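Please read the structure below before turning to the comments.
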Amino acid sequence: MKIKSIVSLIGILIMSVLIVGCEDGKEKQPKQEASDKHKQELIYFEQLSNGDEDYPRAEIGYKGKNGKTHTYTTESKNVYEHILKDSKKKPYVIKDGKKYHVYRLPYMTYDNNEIEGEVKDKGAVSKDD
């Protein structure tokens, strides 16, 4: 009986630590002022291995207001990624102090549309073609 009580107490302690340690689940957003002033067209975004460092680097390429392309490298802890749900939206980046908010399309999308057509030839493919 004593063992069950101890196990239950340990379980309760672990759960309370986990609950206290969790964030509110809301996505971090840039300040409105930063959105208005520092929104740029995203050219590319890449996470780069950083060897023995604590955080990988993030390299962000964006087009400035004058149309010139700029590249900025920072620690990935300073970057927040947001996935655009509308495939027609163009990717962009917002600089908010030392933080960068990257709004990009998903890397992969899955489509279950059926393909219609007719097979006309089942020829073999050779290395020389």
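Every chain in the structure tokens has a letter given in the order shown (A, B, ...), and although residue numbers restart at 1 in each chain, ligands are simply numbered from 1 in the order shown.
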
Task: Selection near A:Ile94, 7 Å with only C-alpha atoms, sequence-local residues under 6 positions removed, as a PyMOL selection string - done: chain A and resi 34-35+38-40+100-102

Just N, CA and C atoms for this one: save the residues we selected as a PDB file, in the first residue's frame.
ATOM      1  N   ALA A  34       6.451  46.278 -35.902  1.00  0.00           N
ATOM      2  CA  ALA A  34       7.463  45.570 -36.696  1.00  0.00           C
ATOM      3  C   ALA A  34       6.850  45.042 -37.981  1.00  0.00           C
ATOM      4  N   SER A  35       5.611  44.542 -37.917  1.00  0.00           N
ATOM      5  CA  SER A  35       4.934  44.035 -39.116  1.00  0.00           C
ATOM      6  C   SER A  35       4.759  45.145 -40.145  1.00  0.00           C
ATOM      7  N   HIS A  38       8.903  46.430 -40.972  1.00  0.00           N
ATOM      8  CA  HIS A  38      10.006  45.541 -41.342  1.00  0.00           C
ATOM      9  C   HIS A  38       9.557  44.268 -42.056  1.00  0.00           C
ATOM     10  N   LYS A  39       8.478  44.302 -42.789  1.00  0.00           N
ATOM     11  CA  LYS A  39       8.026  43.144 -43.551  1.00  0.00           C
ATOM     12  C   LYS A  39       8.722  43.160 -44.913  1.00  0.00           C
ATOM     13  N   GLN A  40       9.440  42.059 -45.233  1.00  0.00           N
ATOM     14  CA  GLN A  40      10.200  41.964 -46.477  1.00  0.00           C
ATOM     15  C   GLN A  40       9.840  40.671 -47.203  1.00  0.00           C
ATOM     16  N   TYR A 100      13.411  37.075 -35.821  1.00  0.00           N
ATOM     17  CA  TYR A 100      12.926  37.033 -37.205  1.00  0.00           C
ATOM     18  C   TYR A 100      11.737  36.091 -37.254  1.00  0.00           C
ATOM     19  N   HIS A 101      10.664  36.545 -37.870  1.00  0.00           N
ATOM     20  CA  HIS A 101       9.480  35.721 -38.077  1.00  0.00           C
ATOM     21  C   HIS A 101       9.409  35.407 -39.564  1.00  0.00           C
ATOM     22  N   VAL A 102       9.596  34.122 -39.897  1.00  0.00           N
ATOM     23  CA  VAL A 102       9.607  33.675 -41.287  1.00  0.00           C
ATOM     24  C   VAL A 102       8.253  33.052 -41.598  1.00  0.00           C
TER      25      VAL A 102
END

Open item on the list: Applying 10 Å and only C-alpha atoms, which residues near A:Gly67 remain after dropping the ones on its own chain fewer than 4 positions away? List them as a list in words.
Closed with: Gln40, Glu41, Tyr62 and Lys63 of chain A

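All residues of protein, DNA or RNA that reach within 10 Å of A:Ile43, judged by only C-alpha atoms and not counting those fewer than 2 positions away in the chain, are A:Gln40, A:Glu41, A:Phe45, A:Ile60, A:Gly61, A:Tyr62, A:Lys63, A:Thr69, A:His70, A:Thr71, A:Lys90, A:Pro91, A:Tyr92, A:Val93.
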
Resulting file, chosen residues, C-alpha atoms, as a PDB file, in the first residue's frame:
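Okay, out-v3.pdb is ready:
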ATOM      1  CA  GLN A  40      10.200  41.964 -46.477  1.00  0.00           C
ATOM      2  CA  GLU A  41       9.781  39.474 -49.303  1.00  0.00           C
ATOM      3  CA  PHE A  45      15.377  30.365 -45.525  1.00  0.00           C
ATOM      4  CA  ILE A  60      17.613  34.223 -44.260  1.00  0.00           C
ATOM      5  CA  GLY A  61      17.635  35.810 -47.701  1.00  0.00           C
ATOM      6  CA  TYR A  62      15.169  38.599 -48.287  1.00  0.00           C
ATOM      7  CA  LYS A  63      14.492  41.410 -50.719  1.00  0.00           C
ATOM      8  CA  THR A  69      18.709  41.086 -51.946  1.00  0.00           C
ATOM      9  CA  HIS A  70      20.095  40.847 -48.400  1.00  0.00           C
ATOM     10  CA  THR A  71      21.304  37.837 -46.421  1.00  0.00           C
ATOM     11  CA  LYS A  90       4.052  34.941 -51.118  1.00  0.00           C
ATOM     12  CA  PRO A  91       6.555  34.035 -48.375  1.00  0.00           C
ATOM     13  CA  TYR A  92       7.837  36.930 -46.287  1.00  0.00           C
ATOM     14  CA  VAL A  93       9.950  37.730 -43.238  1.00  0.00           C
TER      15      VAL A  93
END

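Residues of stretch 7-110 of chain A carrying a DSSP assignment of helix (DSSP H, G or I), computed from the backbone, are Val7, Ser8, Leu9, Ile10, Gly11, Ile12, Leu13, Ile14, Met15, Ser16, Val17, Leu18, Ile19, Val20, Gly21, Gln32, Glu33, Ala34, Ser35, Asp36, Lys37, Ser76, Lys77 and Asn78 of chain A.
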
Selected residues written out, N, CA and C atoms, as a CSV table (one decimal), in the first residue's frame:
chain,number,residue,atom,x,y,z
A,7,VAL,N,4.4,5.9,-5.4
A,7,VAL,CA,4.3,6.0,-6.9
A,7,VAL,C,3.3,7.0,-7.3
A,8,SER,N,2.2,7.1,-6.7
A,8,SER,CA,1.2,8.1,-7.0
A,8,SER,C,1.7,9.5,-6.8
A,9,LEU,N,2.3,9.7,-5.7
A,9,LEU,CA,2.9,11.0,-5.3
A,9,LEU,C,3.9,11.4,-6.3
A,10,ILE,N,4.8,10.5,-6.7
A,10,ILE,CA,5.8,10.8,-7.7
A,10,ILE,C,5.2,11.2,-9.1
A,11,GLY,N,4.1,10.4,-9.4
A,11,GLY,CA,3.4,10.7,-10.7
A,11,GLY,C,2.8,12.1,-10.6
A,12,ILE,N,2.2,12.5,-9.5
A,12,ILE,CA,1.6,13.8,-9.4
A,12,ILE,C,2.6,14.9,-9.5
A,13,LEU,N,3.8,14.7,-8.9
A,13,LEU,CA,4.9,15.6,-8.9
A,13,LEU,C,5.4,15.8,-10.3
A,14,ILE,N,5.6,14.7,-11.1
A,14,ILE,CA,6.0,14.8,-12.4
A,14,ILE,C,5.0,15.5,-13.3
A,15,MET,N,3.7,15.2,-13.2
A,15,MET,CA,2.7,15.9,-13.9
A,15,MET,C,2.7,17.4,-13.7
A,16,SER,N,2.8,17.8,-12.4
A,16,SER,CA,2.8,19.2,-12.1
A,16,SER,C,4.0,19.9,-12.6
A,17,VAL,N,5.1,19.3,-12.7
A,17,VAL,CA,6.3,19.9,-13.3
A,17,VAL,C,6.1,20.1,-14.8
A,18,LEU,N,5.5,19.1,-15.4
A,18,LEU,CA,5.3,19.1,-16.9
A,18,LEU,C,4.2,20.2,-17.2
A,19,ILE,N,3.2,20.3,-16.4
A,19,ILE,CA,2.1,21.3,-16.7
A,19,ILE,C,2.7,22.7,-16.5
A,20,VAL,N,3.4,22.9,-15.4
A,20,VAL,CA,4.0,24.2,-15.1
A,20,VAL,C,5.0,24.6,-16.2
A,21,GLY,N,5.7,23.7,-16.7
A,21,GLY,CA,6.8,23.9,-17.7
A,21,GLY,C,6.2,24.2,-19.1
A,32,GLN,N,3.0,44.6,-33.9
A,32,GLN,CA,2.3,45.2,-35.1
A,32,GLN,C,3.2,46.2,-35.7
A,33,GLU,N,3.9,47.0,-34.9
A,33,GLU,CA,4.8,48.0,-35.5
A,33,GLU,C,5.9,47.4,-36.3
A,34,ALA,N,6.5,46.3,-35.9
A,34,ALA,CA,7.5,45.6,-36.7
A,34,ALA,C,6.8,45.0,-38.0
A,35,SER,N,5.6,44.5,-37.9
A,35,SER,CA,4.9,44.0,-39.1
A,35,SER,C,4.8,45.1,-40.1
A,36,ASP,N,4.4,46.3,-39.7
A,36,ASP,CA,4.2,47.5,-40.6
A,36,ASP,C,5.5,48.0,-41.2
A,37,LYS,N,6.6,48.0,-40.4
A,37,LYS,CA,7.8,48.6,-40.8
A,37,LYS,C,8.8,47.7,-41.5
A,76,SER,N,19.3,30.0,-34.6
A,76,SER,CA,17.9,29.6,-34.9
A,76,SER,C,17.0,29.9,-33.7
A,77,LYS,N,17.6,30.1,-32.5
A,77,LYS,CA,16.7,30.4,-31.4
A,77,LYS,C,16.1,31.8,-31.6
A,78,ASN,N,16.6,32.6,-32.5
A,78,ASN,CA,16.1,33.9,-32.8
A,78,ASN,C,15.0,33.9,-33.9

Which neighbours of A:Tyr107 fall inside 12 Å, counting only C-alpha atoms, when residues of the same chain fewer than 6 positions from it are skipped, and could you give them as a PDB file with all heavy atoms, in the first residue's frame?
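part.pdb written:
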ATOM      1  N   PHE A  45      15.163  30.578 -46.948  1.00  0.00           N
ATOM      2  CA  PHE A  45      15.377  30.365 -45.525  1.00  0.00           C
ATOM      3  C   PHE A  45      15.994  28.993 -45.363  1.00  0.00           C
ATOM      4  O   PHE A  45      15.500  28.021 -45.921  1.00  0.00           O
ATOM      5  CB  PHE A  45      14.047  30.440 -44.772  1.00  0.00           C
ATOM      6  CG  PHE A  45      14.150  29.998 -43.348  1.00  0.00           C
ATOM      7  CD1 PHE A  45      14.807  30.773 -42.413  1.00  0.00           C
ATOM      8  CD2 PHE A  45      13.588  28.813 -42.936  1.00  0.00           C
ATOM      9  CE1 PHE A  45      14.912  30.356 -41.100  1.00  0.00           C
ATOM     10  CE2 PHE A  45      13.682  28.391 -41.632  1.00  0.00           C
ATOM     11  CZ  PHE A  45      14.342  29.177 -40.707  1.00  0.00           C
ATOM     12  N   GLU A  46      17.089  28.915 -44.598  1.00  0.00           N
ATOM     13  CA  GLU A  46      17.777  27.633 -44.461  1.00  0.00           C
ATOM     14  C   GLU A  46      18.357  27.492 -43.060  1.00  0.00           C
ATOM     15  O   GLU A  46      18.930  28.436 -42.521  1.00  0.00           O
ATOM     16  CB  GLU A  46      18.895  27.564 -45.496  1.00  0.00           C
ATOM     17  CG  GLU A  46      19.562  26.230 -45.585  1.00  0.00           C
ATOM     18  CD  GLU A  46      20.480  26.124 -46.793  1.00  0.00           C
ATOM     19  OE1 GLU A  46      20.867  27.145 -47.359  1.00  0.00           O
ATOM     20  OE2 GLU A  46      20.816  24.987 -47.134  1.00  0.00           O
ATOM     21  N   HIS A  82       6.533  30.318 -39.373  1.00  0.00           N
ATOM     22  CA  HIS A  82       5.088  30.273 -39.479  1.00  0.00           C
ATOM     23  C   HIS A  82       4.764  29.692 -40.855  1.00  0.00           C
ATOM     24  O   HIS A  82       5.348  30.099 -41.854  1.00  0.00           O
ATOM     25  CB  HIS A  82       4.487  31.682 -39.369  1.00  0.00           C
ATOM     26  CG  HIS A  82       4.943  32.428 -38.145  1.00  0.00           C
ATOM     27  ND1 HIS A  82       4.300  32.343 -36.934  1.00  0.00           N
ATOM     28  CD2 HIS A  82       5.992  33.266 -37.950  1.00  0.00           C
ATOM     29  CE1 HIS A  82       4.921  33.098 -36.051  1.00  0.00           C
ATOM     30  NE2 HIS A  82       5.959  33.671 -36.644  1.00  0.00           N
ATOM     31  N   ILE A  83       3.861  28.743 -40.903  1.00  0.00           N
ATOM     32  CA  ILE A  83       3.492  28.102 -42.167  1.00  0.00           C
ATOM     33  C   ILE A  83       2.257  28.793 -42.734  1.00  0.00           C
ATOM     34  O   ILE A  83       1.234  28.898 -42.062  1.00  0.00           O
ATOM     35  CB  ILE A  83       3.212  26.595 -41.964  1.00  0.00           C
ATOM     36  CG1 ILE A  83       4.399  25.908 -41.287  1.00  0.00           C
ATOM     37  CG2 ILE A  83       2.870  25.930 -43.291  1.00  0.00           C
ATOM     38  CD1 ILE A  83       5.706  26.015 -42.013  1.00  0.00           C
ATOM     39  N   LEU A  84       2.374  29.260 -43.967  1.00  0.00           N
ATOM     40  CA  LEU A  84       1.250  29.898 -44.647  1.00  0.00           C
ATOM     41  C   LEU A  84       0.282  28.825 -45.126  1.00  0.00           C
ATOM     42  O   LEU A  84       0.687  27.860 -45.763  1.00  0.00           O
ATOM     43  CB  LEU A  84       1.747  30.725 -45.838  1.00  0.00           C
ATOM     44  CG  LEU A  84       2.664  31.894 -45.482  1.00  0.00           C
ATOM     45  CD1 LEU A  84       3.268  32.490 -46.747  1.00  0.00           C
ATOM     46  CD2 LEU A  84       1.902  32.943 -44.701  1.00  0.00           C
ATOM     47  N   LYS A  85      -0.964  28.992 -44.831  1.00  0.00           N
ATOM     48  CA  LYS A  85      -1.976  28.007 -45.219  1.00  0.00           C
ATOM     49  C   LYS A  85      -2.482  28.258 -46.639  1.00  0.00           C
ATOM     50  O   LYS A  85      -2.917  27.353 -47.312  1.00  0.00           O
ATOM     51  CB  LYS A  85      -3.143  28.062 -44.234  1.00  0.00           C
ATOM     52  CG  LYS A  85      -2.671  27.932 -42.787  1.00  0.00           C
ATOM     53  CD  LYS A  85      -3.213  26.744 -42.104  1.00  0.00           C
ATOM     54  CE  LYS A  85      -2.865  26.611 -40.667  1.00  0.00           C
ATOM     55  NZ  LYS A  85      -1.539  26.687 -40.247  1.00  0.00           N
ATOM     56  N   SER A  87      -1.798  28.818 -50.341  1.00  0.00           N
ATOM     57  CA  SER A  87      -0.693  28.574 -51.278  1.00  0.00           C
ATOM     58  C   SER A  87      -0.488  29.733 -52.247  1.00  0.00           C
ATOM     59  O   SER A  87       0.540  29.801 -52.921  1.00  0.00           O
ATOM     60  CB  SER A  87      -0.934  27.286 -52.058  1.00  0.00           C
ATOM     61  OG  SER A  87      -2.103  27.413 -52.838  1.00  0.00           O
TER      62      SER A  87
END

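One distance worth recording is that between atom CA of A:Glu59 and atom CA of A:Tyr72, which is 5.7 Å.
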
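Distance-wise, atom CA of A:Lys68 and atom CA of A:Arg104 end up 19.9 Å apart.
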